[in-house]
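Let me begin by presenting the structure, written as structure tokens, before commenting on it.
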Amino acid sequence: MTEELDHGKILPLVFRLTIPAVIAQLITFLYNTVDRMYVARIEGGGMDALAALGIVLPITLIIQAFSNLVGLGGAPRAGIKLGEGQKEDADRIFNTSALLLFLLGILIGGITWLFAEPIIRLFGCPESAVPYAVSYLKIYAAGAGFVMLGSGLNPFILTQGYSFYAMCSVLAGAVLNIVLDPIFIFTLGMGVSGSALATVLSQAVSCLIVLAFFFLKKSLFRLRPAKMKPTPARIGNILSLGVTPFVMTITECAIQIVFNINLNLATGGNKDYTAALTVMLSALQLISLPLNGLGNGMQPFVSYNYGKGNAKRLKQGITDVTVIAFLFALSVWSVSLAVPGMYADLFSASDAVRAIVVRYCPFFLMGSIMFFVQMTLQNINVALGQAKSALLLAVTRKVIILIPLCFVLTHFFGAGGVYFSEGIADLVAGLLTATVIFTSFPRIFRKREEEVKAMKSSEK
């Protein structure tokens, strides 16, 4: 596969790498959406259950953030080492990452299970939705280890160029989740707990499929306990790059917590506004996750050619994926703004929830057109090893712009201010991110090209 990354035709290679990664992200969207669609149909408590899953979502994002810290930090580092011809170092990075993921999964899962109810209340859960949220979260926390290992090691499959296998590992879990959800929720009468159990079992299957890859002959990485011994330098190397996707995810969690708390205060705990937010966040994911997949799919190409110092291939590949990302963002954004009610219908929303979605969703999504930069090119920025600039851009959008804006606009416009803040912040931060990235990439390519030439000269 490294031969193709080095010499293969660029556009076909871009499609080969990114299409499975995009599909994997759409499957992730399906994972979340199927749970919400089914629980919304629970008789007598559908909107409470939907609101509960909206409260639980940022907590699951925290678990995902720690997975990204290790997986999306270690995989690009390993990819760069492969490009430099240092396979042994790449393998040690992989094994150290696997150990970190295992330990973090046990620790975070245990803490979440023990303090499920206090966490739920702290995050602004409407009182009527608390029992649903606690039951879901406790079961999900018990399976946190599977989530961490599966999602954290998947990037190490992608970085070797096997994006189809990586996609299939996620697809298998999603299909199982779709099958198990109605059985557990309705047939066995488990309600929201059944939804959580179906998700955890599905994640466990995905995790086993991911782990199985590293026992195949074609894998460049092998799970070896002897190579798992961590060193401060190696851990620091992984986490220094992983901190950017970690912060991007953890601040996404912080935003949703801020949204939920402000809605709870502005409406006196009206579950309809929390349920409507859950619907709108699902719409936002439909735009952002595939674009995130485009960036993740390009990671092996970008990291490998960055390691080789091949600026010409980098420029062409990134240009191609940028055009694809923009066209996708434009298409989904246009449909979403034109027909926002389709998202409410997808979740069988009540009339009250549907009215909120139709009124505010166009404002909520108006800045998502810029996600082709914020999601796709931000991930490419990480793959280039530009941890500091990627981190600064991620923090700017969410912490510096969006969170303060949410509090200010909610003060003046009530619940509507929560929905307005997302759209405005995405638009402003997207323009800023585009300016920084499009001006910095050429300089990054030139600098790396010069570094590789210098290394080759010193070896002669």
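Ordering of the structure tokens sets the chain letters (A, B, ...); residue numbers start at 1 within each chain; ligands are numbered from 1 in the order shown.
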
Discussion item. Can you pull out the residues contacting Ala425 in chain A? Cut-off 10 Å, using only C-alpha atoms, and skip same-chain residues under 2 positions away; I want them as a ChimeraX atom specification.
Written reply: /A:364,366-368,396-398,400-403,405-406,420-423,427-430

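Neighbouring residues of range 213-215 of chain A at 10 Å or closer, counting only C-alpha atoms and skipping chain neighbours under 3 positions away, are Leu153, Asn154, Phe156, Ile157, Tyr162, Tyr165, Ala166, Ser169, Leu208, Ile209, Val210, Lys218, Ser219, Leu220, Phe221, Arg222, Leu223 and Arg224 of chain A.
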
Discussion item. With DSSP run on the backbone, what are the alpha helix (DSSP H) residues within range 63-244 of chain A? I'd like them as a PyMOL selection string.
Written reply: chain A and resi 63-83+87-114+116-122+130-142+144-158+163-182+192-213+232-244

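Interatomic distance, CA of Pro58 in chain A to CA of Glu43 in chain A: 25.2 Å.
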
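CA of Gly236 in chain A is found 14.6 Å from CA of Leu101 in chain A.
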
Discussion item. As JSON, numbers by chain, please: the residues near range 380-392 of chain A (cut-off 6 Å, only C-alpha atoms, same-chain neighbours under 2 positions excluded).
Written reply: {"A": [76, 241, 244, 295, 299, 303, 377, 378, 394, 395]}

Fill in: Who sits within 10 Å of range 307-315 of chain A, only C-alpha atoms, same chain under 2 positions skipped, as a count of residues only
37

Worksheet item: In Å to one decimal, how far is CA of Thr278 in chain A from CA of Gly54 in chain A?
Response: 5.0 Å

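The closest residue to Thr199 in chain A, picked from A:Leu211, A:Ala141, A:Val247, A:Ala90 and counting only C-alpha atoms, is A:Ala141.
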
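Neighbouring residues of Val373 in chain A at 9 Å or closer, counting only C-alpha atoms and skipping chain neighbours under 4 positions away, are Leu291, Thr322, Ala325, Phe326, Ile369, Leu377, Gln378, Gly430, Leu431, Thr433, Ala434 and Ile437 of chain A.
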
Worksheet entry | Which residue of A:Ile238, A:Met47, A:Val192, A:Ile261 approaches Gly71 in chain A most closely, using only C-alpha atoms | A:Ile238

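Proximity of A:Leu365, A:Val321, A:Leu26, A:Ala133 to Leu11 in chain A, computed with only C-alpha atoms, is greatest for A:Val321.
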
Discussion item. I'd like the neighbourhood of range 334-338 of chain A as a VMD selection string, where a residue qualifies if any of its atoms comes within 9 Å (using only C-alpha atoms), though same-chain residues fewer than 2 positions away should be ignored.
Written reply: chain A and resid 283 329 to 332 340 to 343 361 to 363 365 to 366 369

Would you export the selected residues with all heavy atoms as an mmCIF file, in the first residue's frame, please?
data_model
loop_
_atom_site.group_PDB
_atom_site.id
_atom_site.type_symbol
_atom_site.label_atom_id
_atom_site.label_comp_id
_atom_site.auth_asym_id
_atom_site.auth_seq_id
_atom_site.Cartn_x
_atom_site.Cartn_y
_atom_site.Cartn_z
ATOM 1 N N ALA A 283 -28.828 16.805 12.634
ATOM 2 C CA ALA A 283 -28.693 17.432 11.316
ATOM 3 C C ALA A 283 -27.272 17.963 11.118
ATOM 4 O O ALA A 283 -26.688 17.829 10.034
ATOM 5 C CB ALA A 283 -29.705 18.568 11.171
ATOM 6 N N ALA A 329 -20.436 19.799 1.205
ATOM 7 C CA ALA A 329 -20.968 20.725 2.217
ATOM 8 C C ALA A 329 -22.052 21.615 1.616
ATOM 9 O O ALA A 329 -23.097 21.836 2.236
ATOM 10 C CB ALA A 329 -19.838 21.581 2.789
ATOM 11 N N LEU A 330 -21.815 22.119 0.425
ATOM 12 C CA LEU A 330 -22.777 22.996 -0.238
ATOM 13 C C LEU A 330 -24.094 22.272 -0.500
ATOM 14 O O LEU A 330 -25.178 22.820 -0.276
ATOM 15 C CB LEU A 330 -22.190 23.517 -1.545
ATOM 16 C CG LEU A 330 -23.085 24.427 -2.392
ATOM 17 C CD1 LEU A 330 -23.407 25.712 -1.633
ATOM 18 C CD2 LEU A 330 -22.418 24.748 -3.730
ATOM 19 N N SER A 331 -24.013 21.033 -0.946
ATOM 20 C CA SER A 331 -25.219 20.261 -1.293
ATOM 21 C C SER A 331 -26.084 19.995 -0.061
ATOM 22 O O SER A 331 -27.294 20.277 -0.062
ATOM 23 C CB SER A 331 -24.821 18.934 -1.954
ATOM 24 O OG SER A 331 -24.068 19.157 -3.120
ATOM 25 N N VAL A 332 -25.479 19.438 0.987
ATOM 26 C CA VAL A 332 -26.255 19.076 2.176
ATOM 27 C C VAL A 332 -26.741 20.330 2.900
ATOM 28 O O VAL A 332 -27.870 20.377 3.395
ATOM 29 C CB VAL A 332 -25.415 18.189 3.123
ATOM 30 C CG1 VAL A 332 -26.236 17.771 4.335
ATOM 31 C CG2 VAL A 332 -24.903 16.965 2.393
ATOM 32 N N PRO A 340 -35.965 22.076 6.563
ATOM 33 C CA PRO A 340 -35.537 21.676 7.916
ATOM 34 C C PRO A 340 -36.496 20.717 8.594
ATOM 35 O O PRO A 340 -36.095 19.933 9.462
ATOM 36 C CB PRO A 340 -35.465 23.003 8.666
ATOM 37 C CG PRO A 340 -36.407 23.915 7.935
ATOM 38 C CD PRO A 340 -36.300 23.515 6.498
ATOM 39 N N GLY A 341 -37.765 20.754 8.206
ATOM 40 C CA GLY A 341 -38.755 19.891 8.849
ATOM 41 C C GLY A 341 -38.503 18.409 8.646
ATOM 42 O O GLY A 341 -39.009 17.576 9.406
ATOM 43 N N MET A 342 -37.683 18.070 7.625
ATOM 44 C CA MET A 342 -37.441 16.638 7.354
ATOM 45 C C MET A 342 -36.716 15.972 8.521
ATOM 46 O O MET A 342 -36.898 14.778 8.772
ATOM 47 C CB MET A 342 -36.622 16.465 6.069
ATOM 48 C CG MET A 342 -35.218 17.016 6.122
ATOM 49 S SD MET A 342 -34.336 16.763 4.547
ATOM 50 C CE MET A 342 -32.748 17.539 4.940
ATOM 51 N N TYR A 343 -35.910 16.742 9.250
ATOM 52 C CA TYR A 343 -35.196 16.163 10.392
ATOM 53 C C TYR A 343 -36.155 15.841 11.540
ATOM 54 O O TYR A 343 -36.027 14.811 12.201
ATOM 55 C CB TYR A 343 -34.098 17.118 10.864
ATOM 56 C CG TYR A 343 -33.007 17.303 9.841
ATOM 57 C CD1 TYR A 343 -32.834 18.520 9.181
ATOM 58 C CD2 TYR A 343 -32.142 16.262 9.521
ATOM 59 C CE1 TYR A 343 -31.831 18.693 8.234
ATOM 60 C CE2 TYR A 343 -31.141 16.427 8.578
ATOM 61 C CZ TYR A 343 -30.991 17.641 7.934
ATOM 62 O OH TYR A 343 -29.999 17.811 6.993
ATOM 63 N N CYS A 361 -33.952 25.697 12.982
ATOM 64 C CA CYS A 361 -32.910 24.891 12.336
ATOM 65 C C CYS A 361 -32.140 25.656 11.244
ATOM 66 O O CYS A 361 -30.914 25.523 11.153
ATOM 67 C CB CYS A 361 -33.513 23.603 11.761
ATOM 68 S SG CYS A 361 -32.276 22.349 11.339
ATOM 69 N N PRO A 362 -32.783 26.465 10.404
ATOM 70 C CA PRO A 362 -32.014 27.221 9.394
ATOM 71 C C PRO A 362 -30.963 28.136 10.027
ATOM 72 O O PRO A 362 -29.868 28.293 9.478
ATOM 73 C CB PRO A 362 -33.094 28.019 8.662
ATOM 74 C CG PRO A 362 -34.333 27.199 8.807
ATOM 75 C CD PRO A 362 -34.242 26.618 10.189
ATOM 76 N N PHE A 363 -31.267 28.744 11.170
ATOM 77 C CA PHE A 363 -30.286 29.579 11.858
ATOM 78 C C PHE A 363 -29.169 28.720 12.456
ATOM 79 O O PHE A 363 -27.990 29.080 12.416
ATOM 80 C CB PHE A 363 -30.955 30.388 12.973
ATOM 81 C CG PHE A 363 -32.003 31.342 12.491
ATOM 82 C CD1 PHE A 363 -33.358 31.054 12.621
ATOM 83 C CD2 PHE A 363 -31.634 32.540 11.874
ATOM 84 C CE1 PHE A 363 -34.315 31.935 12.166
ATOM 85 C CE2 PHE A 363 -32.596 33.430 11.429
ATOM 86 C CZ PHE A 363 -33.947 33.129 11.571
ATOM 87 N N LEU A 365 -28.005 25.915 11.413
ATOM 88 C CA LEU A 365 -27.142 25.299 10.406
ATOM 89 C C LEU A 365 -26.522 26.287 9.426
ATOM 90 O O LEU A 365 -25.764 25.874 8.545
ATOM 91 C CB LEU A 365 -27.942 24.254 9.602
ATOM 92 C CG LEU A 365 -28.488 23.056 10.368
ATOM 93 C CD1 LEU A 365 -29.254 22.138 9.422
ATOM 94 C CD2 LEU A 365 -27.375 22.277 11.047
ATOM 95 N N MET A 366 -26.789 27.572 9.561
ATOM 96 C CA MET A 366 -26.400 28.503 8.500
ATOM 97 C C MET A 366 -24.878 28.595 8.313
ATOM 98 O O MET A 366 -24.403 28.892 7.217
ATOM 99 C CB MET A 366 -26.972 29.893 8.759
ATOM 100 C CG MET A 366 -26.420 30.621 9.961
ATOM 101 S SD MET A 366 -27.220 32.246 10.151
ATOM 102 C CE MET A 366 -26.348 32.862 11.599
ATOM 103 N N ILE A 369 -21.857 25.508 6.202
ATOM 104 C CA ILE A 369 -21.239 25.507 4.877
ATOM 105 C C ILE A 369 -19.717 25.549 5.006
ATOM 106 O O ILE A 369 -18.988 25.049 4.143
ATOM 107 C CB ILE A 369 -21.751 26.720 4.041
ATOM 108 C CG1 ILE A 369 -21.160 26.707 2.637
ATOM 109 C CG2 ILE A 369 -21.428 28.028 4.726
ATOM 110 C CD1 ILE A 369 -21.589 25.585 1.777
#

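Of the listed residues A:Pro155, A:Gly173, A:Pro182, A:Pro300, the one whose atoms come nearest to Asn68 in chain A is A:Pro155, with distances taken using only C-alpha atoms.
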
Fill in: Which of A:Val436, A:Thr28, A:Ser195, A:Phe413 sits closest to Ile42 in chain A [using only C-alpha atoms]
A:Ser195

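Those residues that approach Gly414 in chain A to within 12 Å, counting only C-alpha atoms, are Phe259, Asn262, Leu263, Asn264, Leu265, Ala266, Thr267, Gly268, Tyr273, Cys406, Phe407, Val408, Leu409, Thr410, His411, Gly417, Val418, Tyr419, Phe420 and Ser421 of chain A; same-chain residues fewer than 3 positions away are not listed.
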
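Among the candidates A:Thr96, A:Ser348, A:Ser163, A:Ser67, the one nearest to Ala226 in chain A when counting only C-alpha atoms is A:Thr96.
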